[in-house]
Amino acid sequence: MMLAPLRATLPPPPPTGDTSLAAPACAHCGLPVPPALRRAASTGPAFCCSGCETAYSIIHACGLDRFYDLRKQAESAPAPAPTTPRDRRYAEFDEPAFLQRYARSLPAGLTSVDLLLENVHCAACVWLVERLPALLPGVIECRLDFRRAVARVTWRPDAVPLARIALLLSRLGYPPHPARGEAAHRARTNEERRMIARLGVAAACASSTMLFALALYAGLFSGIDHATVTLFRWFSLAITLLCLLWPGLVFFRSAITSLRAGVANLDAPIALALLAGGLWSIASTLRGTGEVYFDSLSTLVFLLLMGRFVQRRQQRRAADSVELLFTLTASAARVVSDSGTREVSADALTPGDVVEVRAGESFPADGIVIHGRSAADLSLLTGESRPVEIREGSDAVAGAVNLGSTVLVSVRASGEATRAGRLMKLVEDAAHRRAPIVRTADKAASWFLAGMTLLAGLTFALWLRSGLEPALEHAIAVLVVTCPCALGLATPLAFSVAIGRAARAGAFIKGGDAIQRLASPGRIILDKTGTLTVGRLALARWTGDNDARPLVAAVEACSSHPVAVALVRDLANPAREPLAVTDARQTLGGGIEGRVAGRLVTVGSAAFVRARAAQGSPDLDRAERDALSQGLTPIAIALDGVLVAIAAVGDAIRPDARAALDRLTRAGWRPEILSGDHPVIVAAVAKRLGIPPDRARGGLSPEDKLALVSDAARHGPVVMVGDGVNDAAALAASDVGIAVHGGAEASLAAADAYLSKPGLSPLADLLEGSARTMRIVRTALTLSTLYNLVAGGLAVAGFVSPLVAAFIMPVSSLTALSICLKMRSFGGRP
Amino acid sequence: MSVLYVLVPLAMLIVGAAAWAFVWSARSGQFDDLDTPAVRVITDDD
C-alpha cells in the first residue's frame, strides 16, 4: 500500500556520490546523513553519527572552526573519516608498563610520547592536531610528522593523564596508537642524518675542486703562472683528501669488509679507482708535474653517495608505510573481572583472563567462548570464506573477527602461544630458509673489477717500452674512463625511481631485488579468499520478484547475522527512509520473519523458508541448485507464505580479477590457486577466472600451503600472492611474496611487496612495471658497456690522455642517468 | 695575481662555514621531516 506511490514518484536508487540531494552532508566528515538523524538539518549542522557530532562540538567550542575552512582549501580531501563512536577509554595508556615502554621522560617533569594517528589526510589535520595544547591544558607541545602520521606529544603527567589526551585525539577523529618500533626508526633517522651530512660535505668538496679544475683547464689554453697552478693544486689536494677521508670513507670501509669476506662488491672497484686516482694525483702534486684528477674524484664520491641516498630514501618510505600498518593492528583487549572491565594490551593477557569481544572486533587471544552466541570470520586465518557459528564452548581463535554480537572469551593462550603466533614463527623460519639471491649488479661488478684491472695492467705492460711515465698515465686513463658509474649509479637509481613510482601507483616494494625477480614471468600462486575475491559476503545474484528487495532489506536489518548484513548492504537504498518492521522473529540457524508494509516477509535458508511457504516457480528451484553448484549460499525469500525469490550470497570475485589475470597470462605468467576454502568453491572461482581445474586446489591448511610453495620454489621461481595469516608462511617461502590490500599483519611482514590499492590490477601493474624497470636497467647497462668498450679501447691504444678521460667519463654516467630518469617504469607519464 | 693568495683562502673559509652549517643542520634533525613544514606554513596563523 505504502510502496506503490513511493515507487511511482522516486527515481531508481541513485548512483553513489549523487546522494547529496537526497541527504544533507555531515558537517564534520561530509558523508550523507542517514534519514534517522536528519531532523537536525533544518536547525543547524547535521551529523552522520554521534562521533562526528562530538568532534564538531569540541572543535567549535574551542574556536577552531578554521579547521573546516582549511579543509575546504585542500583539494579533494576526503578528510576527516567519520569518527566511530567507540567507548574506548584508553585506560591502558596510563599503565606504568605502557609509559615505560613508549614514553620518554624529559627534564622539568615533562614526558613525551610518539603516537600514530589514524585518518591524517591534509594540512587541516596538521593544524588541528598541533592545536592540542590549546584544547587541553597540561599538553605542552604536539608536533605531527605529516608523512608518517606520527605525532610527538609532550605533556605534564601531573596535570593531565595520557589517557585523556588519547581520548581527545580519538574524539577529534584521530584514534591514536602507540608508535611501535621507534628505536629502530631512530637508528634509521640517525643513519640518514649522517648520510645527508656526508652528502653535503661531498657536494661542497666537489663544487670547490671543480672551480679549481676549471681555472686550471682554462689556464692550459690562456696561460697561467706556475705559482698559481701549484697553489690551486695544493688547495684541490687538501679538499679532495677531506672528501676521500670523510664522505668517501664509506666506500673504502665497505670494500675492505667485502674483500675480507672473499667477494668483491660494487664498492671494491670504486674504492680502487678512488685510491689509484688519489695516489696518482697526490704524487703529481708533490712532484709538480703530471695530471691531477681531484675534481673527478670528489664528483665521483658525490654522485655515488647521491645515488645511494636516493635509493635508501625510497626504500625507507616503503618500509615506513608497512611498519605503520603494523602499529595500526596493535590491539587492546577488555578484561572483565569482578571490579568491572579494564583495557590492557593484547600481549599482556594471561590464561584464565576473561575478555569481552564486541561485534566487529577481532579476538585478542585463543580461548573458549563462555558466554554469548555469534559468528566468527576466520577468513584471514584459514581462508574459509563462510562465517563460522560460535556459542558457549566453541573455540575462539586470535585474529578471527567477531561478526555477530558481544561474546565473553576465557583466554587459553595469548601472544606467541596462539595459533596465529605459531604461524608467525613458521613465517620467520621460512624467511630464513629462503636462498640468498645473487645480485646481478654485484656479480657484474666483480667481473668488471677483474676486467678493468686486467685491462689497466695490460695497458701498463704495453706502454712500458715507451717509459714508466706514459705507461702509468695510459693505465690510469683506462681506469678512469672505464669507471663503472653506470653500474654504481644507474642500477640503484633505476630501482629507486621505480620503487618511488610504484608506491604512487599503489605498490610498496621493500627492495630492488624483488623488482629483479618479478621481471621474468614464471609461476604465480594466488590465494583465493581476500585475494581473488573480496573476502566478505555479498549478494551475487537475485532471481525472482524485484519488488521484494526493499522488504528483505528491512527485515534483515533486524539481524546481525553476516548474511543479513550483506543483504542489507546490497539491497537497501541508503537515501530512503528504512521501512518499519513489526513482529520480527529470528530463528538461529534458520532465518528471520517479520511484517513490513502489511506483508509477511520470510527470509532464510531454503529449508527454513520452504517449511513455511508454498512452492514458487521452477525457475527458483533451478536458481537454488545453480547457487549450490557454484559454491554460493542460496537464501530463500517468501512473501505472505509464497516463495518469490532466491538470493545467492557468496564471497564475490573482485571485479578486476579476470582482466588482471588475463594480463598476467598474456605476459607469460602461469596463475594457480591455493586456498584454504572448500574445494567446490575454489573450483567454481577457478572456472569463472579461466584457470584450469588442475591448477586450483582447495581445502589446504597453512602448513600445506607452505609445503606446496617451498616445493614449487625448489623447481623454479615462484611468486606468491596472498592476504591472510594462513598465507604468511607461504609468502615468506616463495621467491617473491606479494600481500594484497587489506591483508593481515603477518602477511605484510612476510611479503616483499604490498599492494596499497584494492583489487588485482595493481598486481598486474606491479609485474608489468618490474619488467619495464629491468628493461631500462639493461638498456642503461648496455649503453655504458658499449661506451666503456669504445673509450677503453681508445685508452689502451693511447689515444686518450687522463685529462680527456676525466672529461668524457661523465658522459657515460649522464647517459645512464637520463635513461633511468626519463623512461617510464610504473604508472603514467614520468 | 697575488690577491688570489688572500681571496682563495677566504673563499675556502666561506665554503667551510657553509659546509659546517649544513652538517650541523643535518645532525640536529632539520632534514628529518620534509613534508610537514610545507603544509604547516600554509596554516600558520599566529
# chains A, B, ... in the order shown; residues from 1 in each chain; ligands from 1
call {"tool": "residues_around", "arguments": {"residues": "Pro37 of chain B", "least_positions_apart": "6", "cutoff": "12 Å", "atoms": "only C-alpha atoms", "output": "PDB file with N, CA and C atoms, in the first residue's frame"}}
result
ATOM      1  N   ALA A 123      46.459  19.271   5.248  1.00  0.00           N
ATOM      2  CA  ALA A 123      47.026  20.342   6.060  1.00  0.00           C
ATOM      3  C   ALA A 123      46.132  20.683   7.243  1.00  0.00           C
ATOM      4  N   VAL A 126      46.984  18.599  10.235  1.00  0.00           N
ATOM      5  CA  VAL A 126      48.195  19.055  10.913  1.00  0.00           C
ATOM      6  C   VAL A 126      47.855  20.227  11.816  1.00  0.00           C
ATOM      7  N   TRP A 127      47.086  21.148  11.283  1.00  0.00           N
ATOM      8  CA  TRP A 127      46.731  22.352  12.035  1.00  0.00           C
ATOM      9  C   TRP A 127      45.965  21.983  13.298  1.00  0.00           C
ATOM     10  N   ARG A 143      53.660  17.929  17.916  1.00  0.00           N
ATOM     11  CA  ARG A 143      54.183  18.114  16.562  1.00  0.00           C
ATOM     12  C   ARG A 143      53.832  16.875  15.753  1.00  0.00           C
ATOM     13  N   LEU A 144      53.279  17.097  14.579  1.00  0.00           N
ATOM     14  CA  LEU A 144      52.826  15.978  13.756  1.00  0.00           C
ATOM     15  C   LEU A 144      53.748  15.819  12.553  1.00  0.00           C
ATOM     16  N   ASP A 145      54.282  14.613  12.409  1.00  0.00           N
ATOM     17  CA  ASP A 145      55.027  14.286  11.188  1.00  0.00           C
ATOM     18  C   ASP A 145      53.982  13.827  10.175  1.00  0.00           C
ATOM     19  N   PHE A 146      53.727  14.675   9.188  1.00  0.00           N
ATOM     20  CA  PHE A 146      52.595  14.517   8.280  1.00  0.00           C
ATOM     21  C   PHE A 146      52.690  13.222   7.485  1.00  0.00           C
ATOM     22  N   ARG A 147      53.879  12.924   6.969  1.00  0.00           N
ATOM     23  CA  ARG A 147      54.007  11.773   6.084  1.00  0.00           C
ATOM     24  C   ARG A 147      53.806  10.468   6.840  1.00  0.00           C
TER      25      ARG A 147
ATOM     26  N   GLN B  30      67.141  18.696  11.045  1.00  0.00           N
ATOM     27  CA  GLN B  30      66.289  19.610  10.289  1.00  0.00           C
ATOM     28  C   GLN B  30      65.859  19.037   8.948  1.00  0.00           C
ATOM     29  N   PHE B  31      66.473  17.916   8.529  1.00  0.00           N
ATOM     30  CA  PHE B  31      66.072  17.322   7.256  1.00  0.00           C
ATOM     31  C   PHE B  31      65.263  16.046   7.477  1.00  0.00           C
ATOM     32  N   THR B  43      49.141  26.878   7.051  1.00  0.00           N
ATOM     33  CA  THR B  43      48.112  27.030   8.068  1.00  0.00           C
ATOM     34  C   THR B  43      48.560  27.890   9.239  1.00  0.00           C
ATOM     35  N   ASP B  44      49.818  28.317   9.254  1.00  0.00           N
ATOM     36  CA  ASP B  44      50.305  29.116  10.374  1.00  0.00           C
ATOM     37  C   ASP B  44      49.594  30.459  10.397  1.00  0.00           C
TER      38      ASP B  44
END
call {"tool": "interface_residues", "arguments": {"of": "chain A", "to": "chain B", "cutoff": "10 Å", "atoms": "only C-alpha atoms", "output": "PyMOL selection string"}}
result
chain A and resi 66-67+70+122-128+130+143-149+189-205+207-208+212+225+227-228+231-232+235+239
call {"tool": "closest_residue", "arguments": {"among": "A:Arg695, A:Arg622, A:Arg156, A:Arg131", "to": "Ala108 of chain A", "atoms": "only C-alpha atoms"}}
result
A:Arg156
call {"tool": "atom_distance", "arguments": {"atom1": "atom CA of Arg313 of chain A", "atom2": "atom CA of Ile499 of chain A"}}
result
10.2 Å
